[in-house]
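Containing mmCIF, C-alpha atoms and all ligand atoms: query-v8.cif.
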```cif
data_my_file
#
loop_
_atom_site.label_atom_id
_atom_site.label_comp_id
_atom_site.auth_asym_id
_atom_site.auth_seq_id
_atom_site.Cartn_x
_atom_site.Cartn_y
_atom_site.Cartn_z
CA MET A 10 135.05 117.01 123.18
CA PHE A 11 132.03 115.14 121.89
CA ASP A 12 131.07 111.51 122.40
CA ILE A 13 128.98 111.30 119.27
CA VAL A 14 129.37 113.07 115.94
CA VAL A 15 126.46 113.14 113.50
CA ILE A 16 126.88 114.36 109.95
CA GLY A 17 123.61 115.79 108.67
CA ALA A 18 120.58 117.17 110.52
CA GLY A 19 117.81 115.41 108.59
CA ILE A 20 115.57 112.67 109.94
CA SER A 21 118.33 110.11 110.46
CA GLY A 22 120.82 112.54 111.96
CA ALA A 23 118.33 114.29 114.25
CA THR A 24 116.98 110.96 115.51
CA LEU A 25 120.41 109.61 116.38
CA ALA A 26 121.44 112.91 117.96
CA GLU A 27 118.30 112.98 120.08
CA ARG A 28 118.62 109.34 121.13
CA TYR A 29 122.28 109.69 122.18
CA ALA A 30 121.58 112.94 124.02
CA SER A 31 118.93 111.04 125.96
CA LEU A 32 121.78 108.81 127.23
CA ASP A 33 123.61 111.94 128.38
CA LYS A 34 126.14 111.68 125.59
CA LYS A 35 127.56 114.90 124.25
CA VAL A 36 126.54 115.13 120.61
CA LEU A 37 127.89 117.29 117.80
CA VAL A 38 125.73 117.63 114.68
CA ILE A 39 127.47 118.95 111.60
CA GLU A 40 125.24 120.27 108.85
CA LYS A 41 126.39 121.63 105.53
CA ARG A 42 123.24 123.65 104.91
CA ASP A 43 122.15 126.75 106.82
CA HIS A 44 119.23 124.96 108.44
CA ILE A 45 118.23 121.75 110.19
CA GLY A 46 115.57 119.28 109.02
CA GLY A 47 117.23 117.99 105.86
CA ASN A 48 114.80 117.82 102.98
CA CYS A 49 111.84 118.13 105.36
CA TYR A 50 112.81 121.74 106.09
CA ASP A 51 109.89 124.16 105.83
CA PHE A 52 109.70 127.90 106.38
CA TYR A 53 107.51 130.96 105.79
CA ASN A 54 108.34 132.58 102.45
CA GLN A 55 108.37 136.33 101.81
CA ASP A 56 104.60 136.31 101.42
CA GLY A 57 104.17 134.62 104.79
CA ILE A 58 103.15 131.23 103.40
CA LEU A 59 104.51 128.03 104.92
CA ILE A 60 106.28 126.04 102.21
CA SER A 61 108.73 123.15 102.07
CA LYS A 62 111.99 124.15 100.46
CA TYR A 63 112.64 120.64 99.12
CA GLY A 64 109.12 119.60 98.17
CA ALA A 65 106.11 118.08 99.86
CA HIS A 66 106.67 115.69 102.76
CA LEU A 67 103.65 113.66 103.79
CA PHE A 68 104.21 111.59 106.85
CA HIS A 69 102.47 108.23 107.04
CA THR A 70 103.32 105.09 108.95
CA ASN A 71 102.22 101.71 110.22
CA TYR A 72 105.13 101.51 112.66
CA GLU A 73 103.81 101.91 116.17
CA ASP A 74 107.25 102.74 117.57
CA VAL A 75 107.85 105.45 114.98
CA TRP A 76 104.44 106.97 115.61
CA GLU A 77 105.06 106.98 119.35
CA TYR A 78 108.50 108.50 118.83
CA VAL A 79 107.46 111.40 116.57
CA ASN A 80 104.62 112.28 118.94
CA ARG A 81 107.19 113.25 121.54
CA PHE A 82 108.18 116.28 119.49
CA ALA A 83 105.00 117.71 117.96
CA ASP A 84 101.24 117.72 117.97
CA TRP A 85 100.07 116.04 114.81
CA TYR A 86 96.90 116.75 112.84
CA PHE A 87 95.09 114.24 110.67
CA TYR A 88 95.78 114.59 106.96
CA GLU A 89 95.11 111.91 104.38
CA HIS A 90 96.93 112.73 101.19
CA ARG A 91 95.19 112.51 97.82
CA VAL A 92 96.70 113.08 94.40
CA LEU A 93 95.08 113.84 91.07
CA ALA A 94 96.70 113.28 87.70
CA LYS A 95 95.88 115.09 84.47
CA VAL A 96 95.03 112.42 81.93
CA ASP A 97 93.54 113.26 78.51
CA GLY A 98 92.65 116.71 79.79
CA GLN A 99 90.77 115.60 82.90
CA LEU A 100 91.82 115.15 86.51
CA VAL A 101 91.65 111.57 87.75
CA PRO A 102 92.71 110.09 91.08
CA ILE A 103 95.96 108.18 91.51
CA PRO A 104 96.47 105.43 92.83
CA VAL A 105 94.30 103.81 90.18
CA ASN A 106 90.92 102.94 91.69
CA ILE A 107 87.36 102.53 90.38
CA THR A 108 86.91 106.27 89.80
CA THR A 109 90.13 106.44 87.79
CA VAL A 110 89.03 103.69 85.41
CA ASN A 111 85.51 105.11 85.10
CA LYS A 112 86.81 108.57 84.25
CA VAL A 113 89.58 107.52 81.85
CA PHE A 114 87.45 104.98 79.96
CA GLY A 115 83.98 106.49 80.40
CA LEU A 116 82.73 103.43 82.32
CA LYS A 117 80.33 103.01 85.21
CA LEU A 118 81.97 100.29 87.29
CA LYS A 119 80.41 100.13 90.73
CA THR A 120 81.63 97.10 92.60
CA GLU A 121 84.92 95.59 93.60
CA GLN A 122 84.08 92.58 91.55
CA GLU A 123 83.58 94.66 88.39
CA MET A 124 86.88 96.41 89.02
CA LYS A 125 88.67 93.11 89.55
CA GLN A 126 87.26 91.83 86.26
CA TRP A 127 88.33 95.00 84.49
CA LEU A 128 91.84 94.68 85.87
CA LYS A 129 92.03 90.99 85.03
CA LYS A 130 91.17 91.78 81.42
CA HIS A 131 93.89 94.43 81.13
CA GLN A 132 96.73 93.38 83.40
CA LEU A 133 99.75 91.58 81.98
CA PRO A 134 100.25 89.08 84.80
CA ASN A 135 103.78 88.70 86.04
CA GLN A 136 104.68 86.92 89.26
CA ASN A 137 108.14 88.33 89.34
CA PRO A 138 108.43 91.64 87.49
CA LYS A 139 112.04 92.40 86.74
CA ASN A 140 111.70 96.13 86.26
CA GLY A 141 109.37 99.10 86.65
CA GLU A 142 107.67 98.59 83.31
CA GLU A 143 106.79 94.95 83.99
CA ALA A 144 105.58 95.89 87.47
CA ALA A 145 103.24 98.59 86.18
CA LEU A 146 101.93 96.45 83.31
CA ALA A 147 101.15 93.69 85.79
CA ARG A 148 99.24 96.11 87.97
CA VAL A 149 97.30 98.36 85.61
CA GLY A 150 97.75 97.06 82.05
CA LYS A 151 99.10 98.76 78.96
CA VAL A 152 96.73 101.70 78.47
CA LEU A 153 96.87 103.07 82.00
CA TYR A 154 100.60 102.38 82.12
CA GLU A 155 101.09 104.53 79.06
CA LYS A 156 98.74 107.28 80.16
CA MET A 157 99.77 107.55 83.81
CA PHE A 158 103.13 105.95 84.49
CA LYS A 159 105.43 105.62 81.52
CA ASN A 160 106.02 109.24 80.72
CA TYR A 161 105.79 110.47 84.31
CA THR A 162 108.54 108.03 85.19
CA LYS A 163 110.63 109.22 82.26
CA LYS A 164 110.19 112.81 83.42
CA GLN A 165 111.05 111.89 87.00
CA TRP A 166 114.02 109.59 86.44
CA HIS A 167 115.16 110.46 82.90
CA LYS A 168 115.05 106.73 82.30
CA ASP A 169 112.56 104.36 80.81
CA PRO A 170 110.65 102.44 83.52
CA SER A 171 112.29 99.27 82.14
CA ALA A 172 115.64 100.62 83.40
CA LEU A 173 114.42 100.95 86.99
CA ASP A 174 113.73 98.36 89.65
CA ALA A 175 110.15 97.11 89.99
CA SER A 176 110.11 98.60 93.50
CA VAL A 177 109.91 102.15 92.12
CA LEU A 178 106.62 101.62 90.31
CA ASN A 179 105.37 99.27 93.01
CA ARG A 180 105.32 102.19 95.45
CA ILE A 181 101.93 103.09 94.00
CA PRO A 182 99.22 100.50 94.73
CA VAL A 183 96.16 99.68 92.64
CA ARG A 184 92.83 99.62 94.40
CA THR A 185 89.74 97.61 93.53
CA THR A 186 87.58 100.02 95.57
CA PHE A 187 86.78 103.74 95.49
CA ASP A 188 89.56 104.41 98.02
CA ASP A 189 91.51 107.28 96.47
CA ARG A 190 93.94 107.97 99.32
CA TYR A 191 97.57 108.07 98.26
CA PHE A 192 98.60 106.01 101.28
CA SER A 193 96.70 103.44 103.27
CA ASP A 194 98.79 103.53 106.46
CA LYS A 195 97.19 103.52 109.87
CA TYR A 196 98.72 106.85 110.87
CA GLN A 197 98.56 109.73 108.40
CA TYR A 198 99.28 112.98 110.17
CA LEU A 199 101.30 116.17 109.77
CA PRO A 200 103.11 118.09 112.51
CA THR A 201 101.31 121.25 113.65
CA GLY A 202 103.46 124.25 112.78
CA GLY A 203 105.56 122.30 110.30
CA TYR A 204 108.54 119.97 110.24
CA THR A 205 111.24 122.51 111.10
CA LYS A 206 109.61 123.06 114.48
CA LEU A 207 109.63 119.32 115.06
CA PHE A 208 113.36 119.13 114.33
CA GLU A 209 114.01 122.13 116.59
CA LYS A 210 112.31 120.28 119.39
CA MET A 211 114.30 117.11 118.72
CA LEU A 212 117.62 118.93 118.74
CA ASP A 213 116.95 121.47 121.45
CA ARG A 214 118.85 119.78 124.25
CA PRO A 215 121.80 121.03 126.28
CA HIS A 216 123.85 118.01 125.17
CA ILE A 217 123.40 118.68 121.46
CA THR A 218 125.52 121.22 119.59
CA VAL A 219 124.53 121.92 116.00
CA ARG A 220 127.04 123.48 113.64
CA LEU A 221 125.31 124.75 110.51
CA ASN A 222 127.05 125.90 107.31
CA THR A 223 129.79 123.36 107.96
CA ASP A 224 130.93 120.81 105.43
CA TYR A 225 132.13 117.68 107.19
CA PHE A 226 134.91 117.25 104.65
CA ASP A 227 136.33 120.66 105.61
CA VAL A 228 136.49 119.85 109.32
CA LYS A 229 136.93 116.10 109.50
CA ASN A 230 140.57 116.28 110.53
CA GLU A 231 139.60 118.39 113.54
CA LEU A 232 137.16 115.76 114.79
CA LYS A 233 138.92 113.51 117.23
CA GLY A 234 138.16 111.43 120.27
CA TYR A 235 134.55 110.63 119.54
CA GLN A 236 133.07 107.21 120.27
CA LYS A 237 130.88 106.97 117.21
CA LEU A 238 130.30 108.91 114.03
CA PHE A 239 127.08 108.70 112.01
CA PHE A 240 127.30 109.80 108.40
CA THR A 241 124.03 110.59 106.59
CA GLY A 242 125.35 112.11 103.35
CA PRO A 243 125.92 110.36 100.03
CA ILE A 244 128.05 107.27 100.64
CA ASP A 245 130.14 107.73 97.47
CA ARG A 246 131.12 111.25 98.58
CA PHE A 247 132.42 109.83 101.87
CA PHE A 248 134.81 107.60 99.93
CA GLU A 249 135.72 110.38 97.52
CA PHE A 250 133.95 108.62 94.63
CA LYS A 251 136.72 106.02 94.47
CA TYR A 252 134.61 103.38 92.69
CA SER A 253 132.73 105.82 90.47
CA LEU A 254 135.32 106.51 87.83
CA GLU A 255 133.43 104.87 84.98
CA HIS A 256 129.92 105.00 86.32
CA GLN A 257 128.59 107.43 88.94
CA LEU A 258 126.36 106.30 91.74
CA GLU A 259 123.26 108.13 90.54
CA TYR A 260 120.88 110.34 92.47
CA ARG A 261 118.07 112.46 91.09
CA SER A 262 117.84 116.07 92.00
CA LEU A 263 114.86 118.42 91.78
CA ASN A 264 114.41 121.95 90.60
CA PHE A 265 111.46 123.85 92.04
CA VAL A 266 109.88 126.75 90.24
CA TRP A 267 107.92 128.79 92.77
CA GLU A 268 104.97 131.04 92.10
CA THR A 269 102.83 133.01 94.51
CA HIS A 270 99.35 133.89 93.28
CA ASP A 271 97.09 136.61 94.55
CA GLN A 272 94.19 134.26 95.12
CA GLU A 273 93.21 131.95 97.94
CA PHE A 274 93.78 128.71 96.03
CA TYR A 275 95.43 127.92 92.71
CA GLN A 276 94.28 124.35 92.14
CA GLN A 277 91.68 122.04 93.61
CA ASN A 278 94.09 119.64 95.25
CA ALA A 279 97.40 119.68 97.13
CA VAL A 280 99.21 117.75 94.41
CA ILE A 281 98.37 117.41 90.73
CA ASN A 282 100.58 115.12 88.67
CA TYR A 283 101.29 115.73 85.00
CA PRO A 284 102.11 112.38 83.43
CA SER A 285 101.68 113.61 79.86
CA SER A 286 104.40 115.35 77.88
CA VAL A 287 101.92 117.86 76.42
CA ASP A 288 101.63 119.65 79.77
CA GLY A 289 105.32 120.56 80.14
CA ASP A 290 108.40 118.98 81.64
CA PHE A 291 107.37 119.32 85.27
CA THR A 292 106.11 116.19 87.01
CA ARG A 293 103.72 117.81 89.46
CA ILE A 294 102.36 121.03 90.92
CA VAL A 295 102.19 121.23 94.70
CA GLU A 296 100.05 123.76 96.53
CA TYR A 297 101.10 123.82 100.18
CA LYS A 298 98.11 125.51 101.77
CA HIS A 299 95.99 122.44 101.07
CA PHE A 300 97.91 120.42 103.59
CA THR A 301 99.30 123.04 105.95
CA LYS A 302 95.69 124.30 106.35
CA GLN A 303 97.10 127.82 106.57
CA LYS A 304 94.57 130.63 106.09
CA HIS A 305 96.03 133.29 103.80
CA PRO A 306 94.63 135.43 100.97
CA LYS A 307 97.53 134.39 98.70
CA THR A 308 98.86 130.96 97.80
CA THR A 309 102.26 129.57 96.82
CA ILE A 310 102.74 126.68 94.43
CA SER A 311 105.78 124.88 93.07
CA LYS A 312 106.33 123.12 89.80
CA GLU A 313 108.75 120.22 90.18
CA TYR A 314 111.31 119.48 87.52
CA SER A 315 113.55 116.49 87.91
CA THR A 316 117.23 117.00 87.07
CA ASP A 317 120.48 115.07 87.23
CA TYR A 318 122.35 115.43 90.49
CA ILE A 319 125.67 117.18 90.08
CA PRO A 320 127.80 117.09 93.26
CA GLY A 321 128.56 120.61 94.45
CA GLU A 322 125.90 122.16 92.21
CA ASN A 323 122.57 120.89 93.44
CA GLU A 324 121.11 118.59 96.08
CA PRO A 325 120.72 114.82 95.93
CA TYR A 326 117.15 113.68 96.61
CA TYR A 327 116.51 110.22 95.25
CA PRO A 328 118.80 107.22 94.92
CA VAL A 329 118.11 105.55 91.56
CA PRO A 330 117.26 101.91 92.23
CA ASN A 331 118.53 99.63 89.49
CA PRO A 332 121.03 96.75 89.22
CA GLN A 333 124.05 98.86 88.14
CA ASN A 334 123.65 101.34 90.97
CA ARG A 335 123.03 98.60 93.48
CA ALA A 336 126.23 96.82 92.43
CA LEU A 337 128.22 100.02 92.78
CA TYR A 338 126.59 100.87 96.10
CA GLU A 339 127.55 97.42 97.39
CA LYS A 340 131.21 98.18 96.76
CA TYR A 341 130.94 101.28 98.91
CA GLN A 342 128.92 99.44 101.47
CA GLN A 343 131.60 96.76 101.69
CA GLU A 344 134.15 99.51 102.32
CA ALA A 345 131.87 101.11 104.91
CA SER A 346 131.49 97.85 106.82
CA GLN A 347 135.27 97.70 107.37
CA LEU A 348 135.24 100.94 109.36
CA THR A 349 134.89 100.81 113.09
CA ASP A 350 132.75 103.32 114.94
CA ILE A 351 131.53 104.94 111.71
CA TYR A 352 127.96 104.19 110.67
CA PHE A 353 126.14 105.04 107.46
CA VAL A 354 122.51 105.83 107.88
CA GLY A 355 119.64 107.34 105.88
CA ARG A 356 118.43 107.66 102.30
CA LEU A 357 121.73 108.90 100.88
CA ALA A 358 124.15 106.83 102.95
CA ASN A 359 122.15 103.61 102.67
CA TYR A 360 121.25 104.43 99.07
CA LYS A 361 117.64 103.44 99.71
CA TYR A 362 114.42 105.11 98.63
CA PHE A 363 113.21 105.46 102.24
CA ASN A 364 109.92 107.08 103.10
CA MET A 365 110.04 109.42 106.08
CA ASP A 366 108.84 106.80 108.54
CA GLU A 367 111.38 104.29 107.24
CA ALA A 368 114.12 106.83 107.83
CA PHE A 369 112.97 107.27 111.45
CA LYS A 370 112.63 103.51 111.84
CA ASN A 371 116.05 102.77 110.42
CA ALA A 372 117.74 105.30 112.71
CA LEU A 373 115.82 104.13 115.78
CA ASP A 374 116.62 100.48 115.04
CA LEU A 375 120.30 101.26 114.53
CA PHE A 376 120.38 103.03 117.88
CA THR A 377 118.68 100.08 119.58
CA ARG A 378 121.07 97.62 117.94
CA LEU A 379 124.13 99.57 119.01
CA GLU A 380 123.06 100.47 122.50
CA GLU A 381 121.26 97.34 123.62
CA LYS A 382 124.36 95.23 123.09
N1 LIG A 401 104.58 107.46 89.30
C1 LIG A 401 104.02 107.60 88.04
N2 LIG A 401 102.95 108.42 87.89
C2 LIG A 401 102.41 109.14 88.89
C3 LIG A 401 102.98 108.99 90.19
C4 LIG A 401 104.07 108.16 90.35
O1 LIG A 401 104.50 107.00 87.08
O2 LIG A 401 101.44 109.90 88.67
C5 LIG A 401 105.74 106.55 89.46
C6 LIG A 401 107.05 107.29 89.18
O3 LIG A 401 107.98 106.38 88.63
C7 LIG A 401 107.46 107.72 90.56
C8 LIG A 401 107.07 106.48 91.37
O4 LIG A 401 105.84 106.06 90.78
O5 LIG A 401 108.82 108.02 90.65
C9 LIG A 401 106.91 106.71 92.84
O6 LIG A 401 106.00 107.78 93.05
P1 LIG A 401 105.93 108.57 94.44
O7 LIG A 401 104.76 109.47 94.40
O8 LIG A 401 106.01 107.58 95.54
O9 LIG A 401 107.26 109.43 94.39
P2 LIG A 401 107.80 110.55 95.42
O10 LIG A 401 106.62 111.20 96.05
O11 LIG A 401 108.69 109.81 96.38
O12 LIG A 401 108.55 111.48 94.54
#
```
Could I get this file's structure written as structure tokens?
Ligand code: UDP
Amino acid sequence: MFDIVVIGAGISGATLAERYASLDKKVLVIEKRDHIGGNCYDFYNQDGILISKYGAHLFHTNYEDVWEYVNRFADWYFYEHRVLAKVDGQLVPIPVNITTVNKVFGLKLKTEQEMKQWLKKHQLPNQNPKNGEEAALARVGKVLYEKMFKNYTKKQWHKDPSALDASVLNRIPVRTTFDDRYFSDKYQYLPTGGYTKLFEKMLDRPHITVRLNTDYFDVKNELKGYQKLFFTGPIDRFFEFKYSLEHQLEYRSLNFVWETHDQEFYQQNAVINYPSSVDGDFTRIVEYKHFTKQKHPKTTISKEYSTDYIPGENEPYYPVPNPQNRALYEKYQQEASQLTDIYFVGRLANYKYFNMDEAFKNALDLFTRLEEK
């Protein structure tokens, strides 16, 4: 008999399991995959190199409570993420900053004021951008939009930026300085030894039982007598796709093509983005050793290809934020809110493009809301 049942052992599930175990509740975690950690899962491949099965995960946060919480389960080392993008044959930093503009346009801007003037001349001002295209045009103007965002977004989402919410393109800031960090959060750290170890520590409690290789939908009729159930999978799957007959609730999936090279490093940076169609269909190449700091004579890279999510065939990664999907999600959400003692939490169940820290925050806040009543 378990007090709490958690479906999924990713950030949301592990956080709720850990929190309830701390109240001496007996917790059952059911995980379809053969490992914990959700999409943060990392492991040593056959060459002994630490890689992330589901792509790079760079933790960054401004939430003090999240930072305090994750520090309970790992030592964290400082890592500020930087990304380069291949534009017209050269590598330029993204987010767009002074160096980006100087390199792409052969300029010599030096000051914030010069950069602000440059942006002012090129931006298409828009107080209230209605979609990703308008958002990017308002931030960087037409030329940089076309060179760095338009086609990358098409590769990533298989949609034109105009068919996505502004929030997708607004994830990437524009800087009027030389600051080329991908994130500007106060805390930018990675867990020593990797994320899987962190999840092991979170879940390694006598009150938590983890059942791997178990699909909730195969065992749900056996689960009885619990006080609360937390579901972290795709919300439409929970309701057997009942509202999706004409239009599916969309998620993007990813296909990783892995290569190990007999050399210490393959590329100069952890992540290089390929926004142009001339470079192939992959969006980016990730080289893990740059951020794991592992010393090894070989190196493993992955090329990321975005694909449609097909339930049962591949994994859902990204909800696709746009008005149609939001409307459909709201129908499921309405249904979900009628259920007692069943809670939907996380990127797939809340259908929100959460960053890692937001996933922790959301789960911690839900726990506080439920248990401080
Ligand atoms: N994006 C882009 N060009 C880039 C990087 C990002 O157009 O070089 C756009 C693209 O639409 C992408 C979104 O910005 O989906 C968010 O990028 P982010 O790096 O946050 O995506 P994630 O790391 O979550 O896949």
Which residues of region 137-216 of chain A come within 7 Å of region 99-117 of chain A, and for each one, what is the closest pair of atoms and their distance in Å to one decimal, counting only C-alpha atoms, sorted by chain and residue number, as CSV?
```
residue,atom,partner,partner_atom,distance
A:Ile181,CA,A:Pro104,CA,6.1
A:Pro182,CA,A:Pro104,CA,6.0
A:Val183,CA,A:Val105,CA,5.2
A:Arg184,CA,A:Asn106,CA,4.7
A:Thr185,CA,A:Asn106,CA,5.8
A:Thr186,CA,A:Ile107,CA,5.8
A:Phe187,CA,A:Ile107,CA,5.3
A:Asp188,CA,A:Asn106,CA,6.6
A:Asp189,CA,A:Pro102,CA,6.2
A:Tyr191,CA,A:Pro104,CA,6.1
```
Using all atoms listed in the file, which residues of the polymer chains come no farther than 6 Å from ligand LIG 401 (chain A)? I'd like the answer as an MDAnalysis selection string. chainID A and resid 94 157:159 161:162 165 177:178 180:181 282 284
Can I get the selected residues back with C-alpha atoms, as an mmCIF file, in the coordinates of the input?
```
data_model
loop_
_atom_site.group_PDB
_atom_site.id
_atom_site.type_symbol
_atom_site.label_atom_id
_atom_site.label_comp_id
_atom_site.auth_asym_id
_atom_site.auth_seq_id
_atom_site.Cartn_x
_atom_site.Cartn_y
_atom_site.Cartn_z
ATOM 1 C CA ALA A 94 96.700 113.280 87.700
ATOM 2 C CA MET A 157 99.770 107.550 83.810
ATOM 3 C CA PHE A 158 103.130 105.950 84.490
ATOM 4 C CA LYS A 159 105.430 105.620 81.520
ATOM 5 C CA TYR A 161 105.790 110.470 84.310
ATOM 6 C CA THR A 162 108.540 108.030 85.190
ATOM 7 C CA GLN A 165 111.050 111.890 87.000
ATOM 8 C CA VAL A 177 109.910 102.150 92.120
ATOM 9 C CA LEU A 178 106.620 101.620 90.310
ATOM 10 C CA ARG A 180 105.320 102.190 95.450
ATOM 11 C CA ILE A 181 101.930 103.090 94.000
ATOM 12 C CA ASN A 282 100.580 115.120 88.670
ATOM 13 C CA PRO A 284 102.110 112.380 83.430
#
```
Among A:Arg91, A:Ser285, A:Ser31, A:Val149, Met124 (chain A) is approached most closely, using all atoms listed in the file, by A:Val149
For Ser61 (chain A), please output as a PDB file with C-alpha atoms, in the frame of the given file all residues within 9 Å (counting only C-alpha atoms; exclusion window: fewer than 6 positions along the same chain).
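For reference, part13.pdb as written:
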```
ATOM      1  CA  ASN A  48     114.800 117.820 102.980  1.00  0.00           C
ATOM      2  CA  CYS A  49     111.840 118.130 105.360  1.00  0.00           C
ATOM      3  CA  TYR A  50     112.810 121.740 106.090  1.00  0.00           C
ATOM      4  CA  ASP A  51     109.890 124.160 105.830  1.00  0.00           C
ATOM      5  CA  PHE A  52     109.700 127.900 106.380  1.00  0.00           C
ATOM      6  CA  TYR A  53     107.510 130.960 105.790  1.00  0.00           C
ATOM      7  CA  GLY A 203     105.560 122.300 110.300  1.00  0.00           C
ATOM      8  CA  TYR A 204     108.540 119.970 110.240  1.00  0.00           C
ATOM      9  CA  TYR A 297     101.100 123.820 100.180  1.00  0.00           C
TER      10      TYR A 297
END
```
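The closest residue to Tyr326 (chain A), picked from A:Tyr341, A:Tyr196, A:Phe247, A:Tyr260 and counting only C-alpha atoms, is A:Tyr260.
The space between CA of Phe208 (chain A) and CA of Asn80 (chain A) spans 12.0 Å.
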State, in Å with one decimal place, the distance from CA of Lys168 (chain A) to CA of Pro332 (chain A). 13.5 Å
